[in-house]
Amino acid sequence: RGEKVFLAGPSGSGKSTLLGLVGGVLMASAGEIIINEQPLGEMSAAARDRYRSDHVGFVFQLFNLLPYLSVIENVTLTCRFSTRRAERALQQSNSIEQEAERLLHHLGITAELMRRRVTELSIGQQQRVAAARALIGAPELLIADEPTSALDHDLRKRFIDLLLSECEAANSAVLFVSHDVSLGPLFDR
């Protein structure tokens, strides 16, 4: 808990596969993966889905946002699947929507953009929405797969600062993959 790990490696070396294994999206063909003392291989698919929903925040490389939902609806969707994450979001703000707005604001998404469909946003804006969705409800583990690839220097710094401060406040572990090795010193290892 609370550790920040930076993972770098060449394309095709298995970084995204490792993240899928750690997050329980993929199952290992050999060996054992234990997260928060929970052996993922011993869980049913439904139990892994529930565990992931309650305890893991993902920032996917391809975002996985729902195009027919607004920005706010995409961010708060996590809390519809997990009462645990919803309760933790409510510890931070008066409502789940307010917590989503707080995170989005810190990531540079304006109030006007928050009501739009995600398809109306730039790629960089969509990436920040995906980050807010992963952070809401303070998951114990945040997995980020190339989360800064579409951000300019200033937004990248704001994003990293928010991500690390939110995870530090929640004592969440971070597993962060990036080709930008200059970000490495911001992590514990």
# chains A, B, ... in the order shown; residues from 1 in each chain; ligands from 1
$ residues_around --residues "Glu166 of chain A" --least-positions-apart "5" --cutoff "10 Å" --atoms "only C-alpha atoms" --output "list in words"
Leu103, Leu135, Ile136, Ala138, Pro139, Ile160, Asp161, Asn171 and Ser172 of chain A
$ write_last_selection --atoms "all heavy atoms" --output "PDB file, in the first residue's frame"
ATOM      1  N   LEU A 103     -12.285  16.225  -9.166  1.00  0.00           N
ATOM      2  CA  LEU A 103     -11.179  15.565  -9.863  1.00  0.00           C
ATOM      3  C   LEU A 103     -10.997  16.139 -11.264  1.00  0.00           C
ATOM      4  O   LEU A 103      -9.870  16.440 -11.682  1.00  0.00           O
ATOM      5  CB  LEU A 103     -11.419  14.055  -9.925  1.00  0.00           C
ATOM      6  CG  LEU A 103     -11.343  13.316  -8.596  1.00  0.00           C
ATOM      7  CD1 LEU A 103     -11.923  11.915  -8.732  1.00  0.00           C
ATOM      8  CD2 LEU A 103      -9.910  13.276  -8.084  1.00  0.00           C
ATOM      9  N   LEU A 135      -9.575   7.417 -10.561  1.00  0.00           N
ATOM     10  CA  LEU A 135      -9.276   7.943  -9.233  1.00  0.00           C
ATOM     11  C   LEU A 135     -10.484   8.027  -8.308  1.00  0.00           C
ATOM     12  O   LEU A 135     -10.327   7.989  -7.081  1.00  0.00           O
ATOM     13  CB  LEU A 135      -8.668   9.346  -9.357  1.00  0.00           C
ATOM     14  CG  LEU A 135      -7.240   9.425  -9.881  1.00  0.00           C
ATOM     15  CD1 LEU A 135      -6.890  10.848 -10.263  1.00  0.00           C
ATOM     16  CD2 LEU A 135      -6.265   8.876  -8.843  1.00  0.00           C
ATOM     17  N   ILE A 136     -11.679   8.145  -8.865  1.00  0.00           N
ATOM     18  CA  ILE A 136     -12.849   8.363  -8.004  1.00  0.00           C
ATOM     19  C   ILE A 136     -13.042   7.172  -7.064  1.00  0.00           C
ATOM     20  O   ILE A 136     -12.861   6.023  -7.452  1.00  0.00           O
ATOM     21  CB  ILE A 136     -14.120   8.665  -8.835  1.00  0.00           C
ATOM     22  CG1 ILE A 136     -15.186   9.315  -7.938  1.00  0.00           C
ATOM     23  CG2 ILE A 136     -14.631   7.423  -9.542  1.00  0.00           C
ATOM     24  CD1 ILE A 136     -16.312   9.979  -8.699  1.00  0.00           C
ATOM     25  N   ALA A 138     -11.156   6.465  -4.483  1.00  0.00           N
ATOM     26  CA  ALA A 138      -9.890   6.095  -3.850  1.00  0.00           C
ATOM     27  C   ALA A 138      -9.603   4.591  -3.860  1.00  0.00           C
ATOM     28  O   ALA A 138      -9.556   3.949  -2.818  1.00  0.00           O
ATOM     29  CB  ALA A 138      -9.848   6.636  -2.417  1.00  0.00           C
ATOM     30  N   PRO A 139      -9.391   4.008  -5.040  1.00  0.00           N
ATOM     31  CA  PRO A 139      -9.078   2.570  -5.075  1.00  0.00           C
ATOM     32  C   PRO A 139      -7.737   2.281  -4.390  1.00  0.00           C
ATOM     33  O   PRO A 139      -6.858   3.137  -4.354  1.00  0.00           O
ATOM     34  CB  PRO A 139      -8.990   2.274  -6.573  1.00  0.00           C
ATOM     35  CG  PRO A 139      -8.577   3.579  -7.181  1.00  0.00           C
ATOM     36  CD  PRO A 139      -9.267   4.629  -6.356  1.00  0.00           C
ATOM     37  N   ILE A 160       0.098  14.230 -13.274  1.00  0.00           N
ATOM     38  CA  ILE A 160       0.943  13.415 -12.386  1.00  0.00           C
ATOM     39  C   ILE A 160       0.813  13.894 -10.949  1.00  0.00           C
ATOM     40  O   ILE A 160       0.694  13.089 -10.022  1.00  0.00           O
ATOM     41  CB  ILE A 160       2.415  13.462 -12.839  1.00  0.00           C
ATOM     42  CG1 ILE A 160       2.578  12.816 -14.216  1.00  0.00           C
ATOM     43  CG2 ILE A 160       3.327  12.784 -11.830  1.00  0.00           C
ATOM     44  CD1 ILE A 160       2.431  11.331 -14.237  1.00  0.00           C
ATOM     45  N   ASP A 161       0.838  15.219 -10.751  1.00  0.00           N
ATOM     46  CA  ASP A 161       0.711  15.763  -9.394  1.00  0.00           C
ATOM     47  C   ASP A 161      -0.604  15.323  -8.757  1.00  0.00           C
ATOM     48  O   ASP A 161      -0.638  14.905  -7.604  1.00  0.00           O
ATOM     49  CB  ASP A 161       0.789  17.293  -9.395  1.00  0.00           C
ATOM     50  CG  ASP A 161       2.192  17.809  -9.689  1.00  0.00           C
ATOM     51  OD1 ASP A 161       3.153  17.008  -9.652  1.00  0.00           O
ATOM     52  OD2 ASP A 161       2.321  19.026  -9.968  1.00  0.00           O
ATOM     53  N   ASN A 171      -3.570   6.396   0.443  1.00  0.00           N
ATOM     54  CA  ASN A 171      -2.582   5.335   0.677  1.00  0.00           C
ATOM     55  C   ASN A 171      -2.718   4.227  -0.368  1.00  0.00           C
ATOM     56  O   ASN A 171      -2.582   3.046  -0.073  1.00  0.00           O
ATOM     57  CB  ASN A 171      -2.681   4.772   2.097  1.00  0.00           C
ATOM     58  CG  ASN A 171      -1.435   4.000   2.483  1.00  0.00           C
ATOM     59  OD1 ASN A 171      -0.332   4.280   1.999  1.00  0.00           O
ATOM     60  ND2 ASN A 171      -1.597   3.018   3.345  1.00  0.00           N
ATOM     61  N   SER A 172      -3.020   4.634  -1.605  1.00  0.00           N
ATOM     62  CA  SER A 172      -3.167   3.691  -2.713  1.00  0.00           C
ATOM     63  C   SER A 172      -1.813   3.378  -3.330  1.00  0.00           C
ATOM     64  O   SER A 172      -0.938   4.242  -3.399  1.00  0.00           O
ATOM     65  CB  SER A 172      -4.058   4.295  -3.808  1.00  0.00           C
ATOM     66  OG  SER A 172      -5.321   4.615  -3.313  1.00  0.00           O
TER      67      SER A 172
END
$ select_by_dssp --residues "segment 56-153 of chain A" --states "strand (DSSP E or B)" --output "JSON list (two decimals) with all heavy atoms, in the first residue's frame"
[["chain", "number", "residue", "atom", "x", "y", "z"],
["A", 56, "VAL", "N", -9.62, -1.59, -7.61],
["A", 56, "VAL", "CA", -8.62, -1.24, -8.62],
["A", 56, "VAL", "C", -9.16, -0.14, -9.54],
["A", 56, "VAL", "O", -10.27, -0.25, -10.05],
["A", 56, "VAL", "CB", -8.24, -2.48, -9.49],
["A", 56, "VAL", "CG1", -7.18, -2.10, -10.52],
["A", 56, "VAL", "CG2", -7.73, -3.62, -8.60],
["A", 57, "GLY", "N", -8.37, 0.90, -9.71],
["A", 57, "GLY", "CA", -8.68, 1.94, -10.69],
["A", 57, "GLY", "C", -7.77, 1.76, -11.89],
["A", 57, "GLY", "O", -6.57, 1.58, -11.73],
["A", 58, "PHE", "N", -8.33, 1.77, -13.08],
["A", 58, "PHE", "CA", -7.57, 1.60, -14.32],
["A", 58, "PHE", "C", -7.60, 2.88, -15.14],
["A", 58, "PHE", "O", -8.67, 3.45, -15.34],
["A", 58, "PHE", "CB", -8.19, 0.50, -15.19],
["A", 58, "PHE", "CG", -7.64, -0.87, -14.98],
["A", 58, "PHE", "CD1", -8.31, -1.78, -14.19],
["A", 58, "PHE", "CD2", -6.46, -1.27, -15.59],
["A", 58, "PHE", "CE1", -7.83, -3.05, -14.00],
["A", 58, "PHE", "CE2", -5.96, -2.54, -15.40],
["A", 58, "PHE", "CZ", -6.65, -3.44, -14.61],
["A", 59, "VAL", "N", -6.45, 3.28, -15.64],
["A", 59, "VAL", "CA", -6.39, 4.26, -16.73],
["A", 59, "VAL", "C", -5.85, 3.48, -17.91],
["A", 59, "VAL", "O", -4.66, 3.17, -17.98],
["A", 59, "VAL", "CB", -5.47, 5.46, -16.41],
["A", 59, "VAL", "CG1", -5.52, 6.47, -17.55],
["A", 59, "VAL", "CG2", -5.84, 6.11, -15.09],
["A", 70, "SER", "N", -22.04, 11.37, -20.90],
["A", 70, "SER", "CA", -21.34, 12.63, -20.70],
["A", 70, "SER", "C", -20.04, 12.37, -19.94],
["A", 70, "SER", "O", -19.80, 11.26, -19.44],
["A", 70, "SER", "CB", -22.21, 13.60, -19.89],
["A", 70, "SER", "OG", -22.29, 13.18, -18.54],
["A", 117, "ARG", "N", -20.70, 15.09, -24.15],
["A", 117, "ARG", "CA", -20.36, 13.69, -24.39],
["A", 117, "ARG", "C", -18.85, 13.60, -24.57],
["A", 117, "ARG", "O", -18.24, 14.51, -25.11],
["A", 117, "ARG", "CB", -21.06, 13.16, -25.65],
["A", 117, "ARG", "CG", -22.52, 12.97, -25.45],
["A", 117, "ARG", "CD", -23.13, 12.35, -26.68],
["A", 117, "ARG", "NE", -24.52, 12.08, -26.40],
["A", 117, "ARG", "CZ", -25.22, 11.17, -27.03],
["A", 117, "ARG", "NH1", -24.67, 10.45, -27.98],
["A", 117, "ARG", "NH2", -26.48, 10.97, -26.72],
["A", 141, "LEU", "N", -5.50, 0.25, -5.41],
["A", 141, "LEU", "CA", -4.48, 0.10, -6.45],
["A", 141, "LEU", "C", -4.92, 0.87, -7.68],
["A", 141, "LEU", "O", -6.04, 0.70, -8.15],
["A", 141, "LEU", "CB", -4.30, -1.39, -6.81],
["A", 141, "LEU", "CG", -3.39, -1.71, -8.00],
["A", 141, "LEU", "CD1", -1.96, -1.23, -7.76],
["A", 141, "LEU", "CD2", -3.41, -3.20, -8.30],
["A", 142, "LEU", "N", -4.04, 1.72, -8.16],
["A", 142, "LEU", "CA", -4.30, 2.43, -9.40],
["A", 142, "LEU", "C", -3.31, 1.93, -10.44],
["A", 142, "LEU", "O", -2.10, 1.95, -10.21],
["A", 142, "LEU", "CB", -4.15, 3.94, -9.24],
["A", 142, "LEU", "CG", -4.59, 4.63, -10.53],
["A", 142, "LEU", "CD1", -5.79, 5.51, -10.28],
["A", 142, "LEU", "CD2", -3.47, 5.41, -11.13],
["A", 143, "ILE", "N", -3.83, 1.45, -11.56],
["A", 143, "ILE", "CA", -3.02, 0.94, -12.66],
["A", 143, "ILE", "C", -3.16, 1.91, -13.83],
["A", 143, "ILE", "O", -4.27, 2.17, -14.28],
["A", 143, "ILE", "CB", -3.47, -0.47, -13.07],
["A", 143, "ILE", "CG1", -3.25, -1.45, -11.90],
["A", 143, "ILE", "CG2", -2.73, -0.93, -14.32],
["A", 143, "ILE", "CD1", -3.77, -2.84, -12.15],
["A", 144, "ALA", "N", -2.06, 2.45, -14.28],
["A", 144, "ALA", "CA", -2.08, 3.45, -15.34],
["A", 144, "ALA", "C", -1.19, 3.00, -16.49],
["A", 144, "ALA", "O", 0.01, 2.82, -16.33],
["A", 144, "ALA", "CB", -1.61, 4.80, -14.80],
["A", 145, "ASP", "N", -1.80, 2.81, -17.65],
["A", 145, "ASP", "CA", -1.09, 2.35, -18.84],
["A", 145, "ASP", "C", -0.90, 3.52, -19.81],
["A", 145, "ASP", "O", -1.85, 3.92, -20.49],
["A", 145, "ASP", "CB", -1.88, 1.22, -19.51],
["A", 145, "ASP", "CG", -1.09, 0.48, -20.57],
["A", 145, "ASP", "OD1", 0.09, 0.82, -20.79],
["A", 145, "ASP", "OD2", -1.67, -0.44, -21.18]]
$ closest_residue --among "A:Gly137, A:Asn74, A:Glu146, A:Asp180" --to "Cys167 of chain A" --atoms "only C-alpha atoms"
A:Gly137
$ residues_around --residues "segment 119-132 of chain A" --least-positions-apart "2" --cutoff "7 Å" --atoms "only C-alpha atoms" --output "number ranges by chain"
A: 59, 63, 65, 67, 71, 75, 100, 103-104, 107, 116-117, 134-136, 147, 150-151
$ residues_around --residues "segment 24-33 of chain A" --least-positions-apart "4" --cutoff "12 Å" --atoms "only C-alpha atoms" --output "PyMOL selection string"
chain A and resi 16-20+37-53+55-58+60+141+143
$ residues_around --residues "Asp54 of chain A" --least-positions-apart "5" --cutoff "8 Å" --atoms "only C-alpha atoms" --output "list in words"
Ser82, Thr83, Arg84, Arg85 and Pro139 of chain A
$ atom_distance --atom1 "atom CA of Leu175 of chain A" --atom2 "atom CA of Asn64 of chain A"
18.3 Å
